[in-house]
Amino acid sequence: MNLAQGRLDYGPPVAVIDIGSNSVRLVVYEGLTRSPTPIFNEKVLAGLGREVQSTGLLAADAIDKAITSLRRFRALCDRMVVMQLWGIATAACRDADNGKAFVAEAERICGTKIDVLSGKREAELSALGVVSGFHKPDGVVGDLGGGSLELTEVHGARVKSGSTLPLGGLALRDISSKSIKKAEKIARVALEDARVLAGGKGRTFYAIGGTWRALARLHMWQTGYPLHVMHGYAVPAKEAFDFSSLVHRVDPEMLSQIEVVADARRPLLAYAALVLENVVRIARPKNVVVSALGVLYSMLDAKEREKDPLIAAATELNVLRSRAPAHGEELTRWTDRFFASSGLDETAEERRLRHAACLLADIGWRAHPDYRGEQSLNIIANAAFVGVDHPGRTFIALAVFFRHVGLIDEELAPRLRELASTRVLDRARVLGAALRVAYLVSASTTGVLPKTPMVVERGRLVLRFENGFKALAGERVFSRLRQLARLIGREPVMENG
């Protein structure tokens, strides 16, 4: 990454082929980084595991569909010059009698080794995906695939040993002979014996897997949720329990907004719902949060893993879209000094979000001035960031929005404001007002902010111009300084250093 030249250089793309019990997926990433950006993502619902529990075999037609998909994926990797390709396979391939032969053929087609994950390793990788995608995660991770459910406990970067249960949607439908009542009894008995769930009370349950994401998407659309970002979507446990109970007891086609769920996933919704319902009943978590990350984190070196994923993503977008990327770095230090002197209490998490907002504050500069605020807000609110919850990304988006349009918010979508508490809205206005001062003083050029510090001293908000920078003072600058001073209850002053 080169801040001065505004360039990113990660080398050739990297890719993962994930052969699951329900889907076969290819994800190609821009590079092997702490906050990886997918540049291609395709899945095929082959249904490899749909008969494994009853017949012990991968179905012939499912194998044909998977093999055809793998040939296409290999060709795509060749066209995209993918130099590193990782292949993994899960429950269906490890449980089926013909799984070994299928994996051998898949390796020949893909030109790489396919790692058939044990249940324990699959649970570990699921938990590492949560470590990768959430800031200081704490709770129980559940990865529901087509063939199995992996359960693991996570606290920060620490992952405990996990367990696996044959409760994937395809497996549960197979062993229950498509009887929802029988499936519910099987799930209830299996989950009541899952010791890891005992550690979930009052914590977060992180839900992973395509069918659980489909369930969450259905809930999101039924409630008119203002963001359509799946990763980090949080539902209170009681609401998740009630919604899951509804879905597993009615015909999916009768549900409002069912069209947002792919046809091939609809038959499995009820099974995924009854598993989630019982998980929530037994674990008694505070909320259910969706995770949409894959296995790439496990392939990073120790140095890359230590990076903050949100700051890494914001830094990359700063380099790609800002006029002067180094100015964004200067802005974080300039606002550090202001907030430290302001008397406003700021938590470590709020400081982290403020730094991300500083890095993203200029990404909309190429748009027409009338639309910079709106465009920046939409990019940030809906970006594929990880390591930030939805209220956090709302704060960042609002701060940058206010930096462009001023401190009025009548133009904001009323539903988006529902994600912002009074404190979040107030802090976004303060930061937006500070950014408005900084950009007018510096015109986005580097080297100015270190010489024009803004601090609170003796009840005054002082913007100081050091020698050689006095000419940057002006009436418009003072007007913006006064606007910020009103927000924090201080007297505005511009003076020479």
# chains A, B, ... in the order shown; residues from 1 in each chain; ligands from 1

call {"tool": "closest_atom_pairs", "arguments": {"of": "range 208-306 of chain A", "to": "range 154-173 of chain A", "cutoff": "6 Å", "atoms": "only C-alpha atoms", "output": "JSON lines"}}
result
{"residue": "A:Leu268", "atom": "CA", "partner": "A:Gly169", "partner_atom": "CA", "distance": 5.5}
{"residue": "A:Tyr271", "atom": "CA", "partner": "A:Gly169", "partner_atom": "CA", "distance": 5.5}
{"residue": "A:Ala272", "atom": "CA", "partner": "A:Gly169", "partner_atom": "CA", "distance": 5.9}

call {"tool": "write_last_selection", "arguments": {"atoms": "N, CA, C and O atoms", "output": "PDB file, in the first residue's frame"}}
result
ATOM      1  N   LEU A 268     -35.369 -25.624   2.803  1.00  0.00           N
ATOM      2  CA  LEU A 268     -34.526 -25.842   3.976  1.00  0.00           C
ATOM      3  C   LEU A 268     -34.745 -24.797   5.059  1.00  0.00           C
ATOM      4  O   LEU A 268     -34.201 -24.932   6.164  1.00  0.00           O
ATOM      5  N   TYR A 271     -36.087 -26.101   8.446  1.00  0.00           N
ATOM      6  CA  TYR A 271     -35.114 -26.879   9.224  1.00  0.00           C
ATOM      7  C   TYR A 271     -34.093 -25.949   9.883  1.00  0.00           C
ATOM      8  O   TYR A 271     -33.729 -26.155  11.046  1.00  0.00           O
ATOM      9  N   ALA A 272     -33.642 -24.949   9.134  1.00  0.00           N
ATOM     10  CA  ALA A 272     -32.714 -23.969   9.709  1.00  0.00           C
ATOM     11  C   ALA A 272     -33.375 -23.196  10.840  1.00  0.00           C
ATOM     12  O   ALA A 272     -32.750 -22.907  11.873  1.00  0.00           O
TER      13      ALA A 272
END

call {"tool": "select_by_dssp", "arguments": {"residues": "range 41-167 of chain A", "states": "strand (DSSP E)", "output": "CSV table (one decimal) with C-alpha atoms, in the first residue's frame"}}
result
chain,number,residue,atom,x,y,z
A,41,ASN,CA,-18.3,-14.6,-5.8
A,42,GLU,CA,-20.4,-17.4,-7.3
A,43,LYS,CA,-22.2,-20.4,-5.7
A,44,VAL,CA,-24.0,-23.3,-7.1
A,84,GLN,CA,-3.1,-19.1,-4.8
A,85,LEU,CA,-6.1,-21.3,-4.7
A,86,TRP,CA,-7.3,-23.0,-1.5
A,87,GLY,CA,-9.8,-25.8,-1.6
A,88,ILE,CA,-11.9,-27.1,1.3
A,89,ALA,CA,-14.7,-29.7,1.6
A,114,ILE,CA,-8.8,-30.2,-1.4
A,115,ASP,CA,-8.6,-30.2,2.4
A,116,VAL,CA,-11.5,-32.4,3.7
A,138,ASP,CA,-17.7,-12.7,22.6
A,139,GLY,CA,-20.1,-15.6,22.5
A,140,VAL,CA,-20.9,-18.9,20.8
A,141,VAL,CA,-20.4,-19.5,17.0
A,142,GLY,CA,-22.8,-21.7,15.1
A,143,ASP,CA,-22.1,-22.7,11.5
A,144,LEU,CA,-25.1,-24.4,9.9
A,149,LEU,CA,-23.8,-27.7,12.6
A,150,GLU,CA,-20.5,-26.7,14.1
A,151,LEU,CA,-20.6,-25.0,17.5
A,152,THR,CA,-17.6,-23.2,19.1
A,153,GLU,CA,-17.0,-20.6,21.8
A,154,VAL,CA,-15.0,-17.5,21.1
A,155,HIS,CA,-13.7,-14.6,23.3
A,158,ARG,CA,-9.3,-17.0,21.7
A,159,VAL,CA,-11.2,-20.0,20.2
A,163,SER,CA,-18.1,-29.8,18.3
A,164,THR,CA,-20.1,-30.9,15.3
A,165,LEU,CA,-23.7,-32.2,15.1

call {"tool": "residues_around", "arguments": {"residues": "Leu48 in chain A", "least_positions_apart": "3", "cutoff": "6 Å", "atoms": "only C-alpha atoms", "output": "list of chain:residue names"}}
result
A:Ser21, A:Asn22, A:Leu58, A:Ala62

call {"tool": "write_last_selection", "arguments": {"atoms": "all heavy atoms", "output": "PDB file, in the first residue's frame"}}
result
ATOM      1  N   SER A  21     -21.888 -29.123   1.780  1.00  0.00           N
ATOM      2  CA  SER A  21     -22.903 -30.163   1.623  1.00  0.00           C
ATOM      3  C   SER A  21     -24.082 -29.696   0.783  1.00  0.00           C
ATOM      4  O   SER A  21     -24.775 -30.518   0.172  1.00  0.00           O
ATOM      5  CB  SER A  21     -23.399 -30.607   2.997  1.00  0.00           C
ATOM      6  OG  SER A  21     -22.341 -31.127   3.764  1.00  0.00           O
ATOM      7  N   ASN A  22     -24.317 -28.388   0.751  1.00  0.00           N
ATOM      8  CA  ASN A  22     -25.422 -27.845  -0.047  1.00  0.00           C
ATOM      9  C   ASN A  22     -24.908 -27.081  -1.260  1.00  0.00           C
ATOM     10  O   ASN A  22     -25.395 -27.258  -2.367  1.00  0.00           O
ATOM     11  CB  ASN A  22     -26.299 -26.937   0.816  1.00  0.00           C
ATOM     12  CG  ASN A  22     -27.622 -26.604   0.145  1.00  0.00           C
ATOM     13  OD1 ASN A  22     -28.095 -27.341  -0.713  1.00  0.00           O
ATOM     14  ND2 ASN A  22     -28.228 -25.500   0.537  1.00  0.00           N
ATOM     15  N   LEU A  58     -22.890 -39.615  -1.929  1.00  0.00           N
ATOM     16  CA  LEU A  58     -23.191 -38.372  -2.636  1.00  0.00           C
ATOM     17  C   LEU A  58     -24.032 -38.734  -3.850  1.00  0.00           C
ATOM     18  O   LEU A  58     -23.696 -39.659  -4.598  1.00  0.00           O
ATOM     19  CB  LEU A  58     -21.900 -37.688  -3.100  1.00  0.00           C
ATOM     20  CG  LEU A  58     -20.841 -37.379  -2.036  1.00  0.00           C
ATOM     21  CD1 LEU A  58     -19.574 -36.837  -2.705  1.00  0.00           C
ATOM     22  CD2 LEU A  58     -21.359 -36.379  -1.024  1.00  0.00           C
ATOM     23  N   ALA A  62     -25.988 -34.778  -8.167  1.00  0.00           N
ATOM     24  CA  ALA A  62     -25.329 -33.697  -7.425  1.00  0.00           C
ATOM     25  C   ALA A  62     -23.839 -33.657  -7.747  1.00  0.00           C
ATOM     26  O   ALA A  62     -23.244 -32.575  -7.889  1.00  0.00           O
ATOM     27  CB  ALA A  62     -25.540 -33.878  -5.929  1.00  0.00           C
TER      28      ALA A  62
END

call {"tool": "atom_distance", "arguments": {"atom1": "CA of Val196 in chain A", "atom2": "CA of Arg281 in chain A"}}
result
13.7 Å

call {"tool": "residues_around", "arguments": {"residues": "Leu197 in chain A", "least_positions_apart": "2", "cutoff": "9 Å", "atoms": "only C-alpha atoms", "output": "MDAnalysis selection string"}}
result
chainID A and resid 140 151:153 191:195 199:201 279 282:284

call {"tool": "closest_residue", "arguments": {"among": "A:Glu30, A:Glu184, A:Asp370, A:Asp18", "to": "Glu277 in chain A", "atoms": "only C-alpha atoms"}}
result
A:Glu184

call {"tool": "select_by_dssp", "arguments": {"residues": "range 341-370 of chain A", "states": "helix (DSSP H, G or I)", "output": "ChimeraX atom specification"}}
result
/A:341-342,348-360,369-370

call {"tool": "residues_around", "arguments": {"residues": "Ile258 in chain A", "least_positions_apart": "4", "cutoff": "12 Å", "atoms": "only C-alpha atoms", "output": "compact mmCIF listing (two decimals) with N, CA and C atoms, in the first residue's frame"}}
result
# COMPACT_ATOMS: atom_id res chain seq x y z
N ALA A 214 -30.21 -16.66 4.75
CA ALA A 214 -31.49 -16.50 4.04
C ALA A 214 -32.60 -16.19 5.02
N LEU A 215 -32.58 -16.84 6.18
CA LEU A 215 -33.58 -16.59 7.23
C LEU A 215 -33.46 -15.14 7.71
N ALA A 216 -32.23 -14.68 7.92
CA ALA A 216 -32.00 -13.30 8.37
C ALA A 216 -32.43 -12.30 7.30
N ARG A 217 -32.17 -12.63 6.03
CA ARG A 217 -32.57 -11.72 4.95
C ARG A 217 -34.09 -11.59 4.91
N LEU A 218 -34.79 -12.69 5.12
CA LEU A 218 -36.25 -12.65 5.15
C LEU A 218 -36.73 -11.76 6.29
N HIS A 219 -36.11 -11.88 7.46
CA HIS A 219 -36.47 -11.04 8.60
C HIS A 219 -36.17 -9.57 8.30
N MET A 220 -35.04 -9.31 7.68
CA MET A 220 -34.63 -7.95 7.34
C MET A 220 -35.66 -7.27 6.44
N TRP A 221 -36.13 -8.00 5.43
CA TRP A 221 -37.07 -7.42 4.48
C TRP A 221 -38.47 -7.29 5.09
N GLN A 222 -38.85 -8.24 5.92
CA GLN A 222 -40.18 -8.15 6.54
C GLN A 222 -40.28 -6.97 7.50
N VAL A 247 -41.43 -19.29 11.17
CA VAL A 247 -40.98 -19.82 9.88
C VAL A 247 -41.04 -21.34 9.85
N ASP A 251 -46.00 -22.74 5.93
CA ASP A 251 -45.51 -22.96 4.57
C ASP A 251 -44.69 -21.74 4.15
N PRO A 252 -43.42 -21.92 3.78
CA PRO A 252 -42.59 -20.78 3.42
C PRO A 252 -43.20 -19.88 2.34
N GLU A 253 -43.93 -20.47 1.42
CA GLU A 253 -44.52 -19.69 0.33
C GLU A 253 -45.59 -18.73 0.83
N MET A 254 -46.05 -18.90 2.05
CA MET A 254 -47.06 -18.02 2.61
C MET A 254 -46.44 -16.82 3.32
N ALA A 262 -33.78 -17.47 -2.23
CA ALA A 262 -33.65 -18.26 -3.46
C ALA A 262 -34.56 -19.50 -3.39
N ASP A 263 -35.14 -19.85 -4.53
CA ASP A 263 -36.05 -20.99 -4.59
C ASP A 263 -35.44 -22.26 -4.00
N ARG A 265 -33.31 -22.62 -1.70
CA ARG A 265 -33.11 -22.59 -0.24
C ARG A 265 -34.42 -22.68 0.53
N ARG A 266 -35.53 -22.37 -0.10
CA ARG A 266 -36.80 -22.30 0.63
C ARG A 266 -37.18 -23.62 1.32
N PRO A 267 -36.97 -24.79 0.69
CA PRO A 267 -37.34 -26.03 1.38
C PRO A 267 -36.54 -26.28 2.67
N LEU A 269 -35.54 -23.76 4.76
CA LEU A 269 -35.74 -22.69 5.73
C LEU A 269 -36.32 -23.20 7.05

call {"tool": "closest_residue", "arguments": {"among": "A:Val437, A:Val280, A:Leu300, A:Ala60", "to": "Val477 in chain A", "atoms": "only C-alpha atoms"}}
result
A:Val437

call {"tool": "atom_distance", "arguments": {"atom1": "CA of Ile180 in chain A", "atom2": "CA of Phe205 in chain A"}}
result
23.7 Å

call {"tool": "closest_residue", "arguments": {"among": "A:Gly209, A:Ala273, A:Glu124, A:Gln53", "to": "Ser176 in chain A", "atoms": "only C-alpha atoms"}}
result
A:Gln53

call {"tool": "atom_distance", "arguments": {"atom1": "CA of Ala312 in chain A", "atom2": "CA of Tyr297 in chain A"}}
result
13.7 Å

call {"tool": "residues_around", "arguments": {"residues": "Ile363 in chain A", "least_positions_apart": "5", "cutoff": "8 Å", "atoms": "only C-alpha atoms", "output": "list in words"}}
result
Leu317, Asn318, Arg321, Ser322, Arg323 and Ser376 of chain A

call {"tool": "residues_around", "arguments": {"residues": "range 343-345 of chain A", "least_positions_apart": "4", "cutoff": "12 Å", "atoms": "only C-alpha atoms", "output": "ChimeraX atom specification"}}
result
/A:336-339,349-351,423,426-427,430-431,455-461,487-490
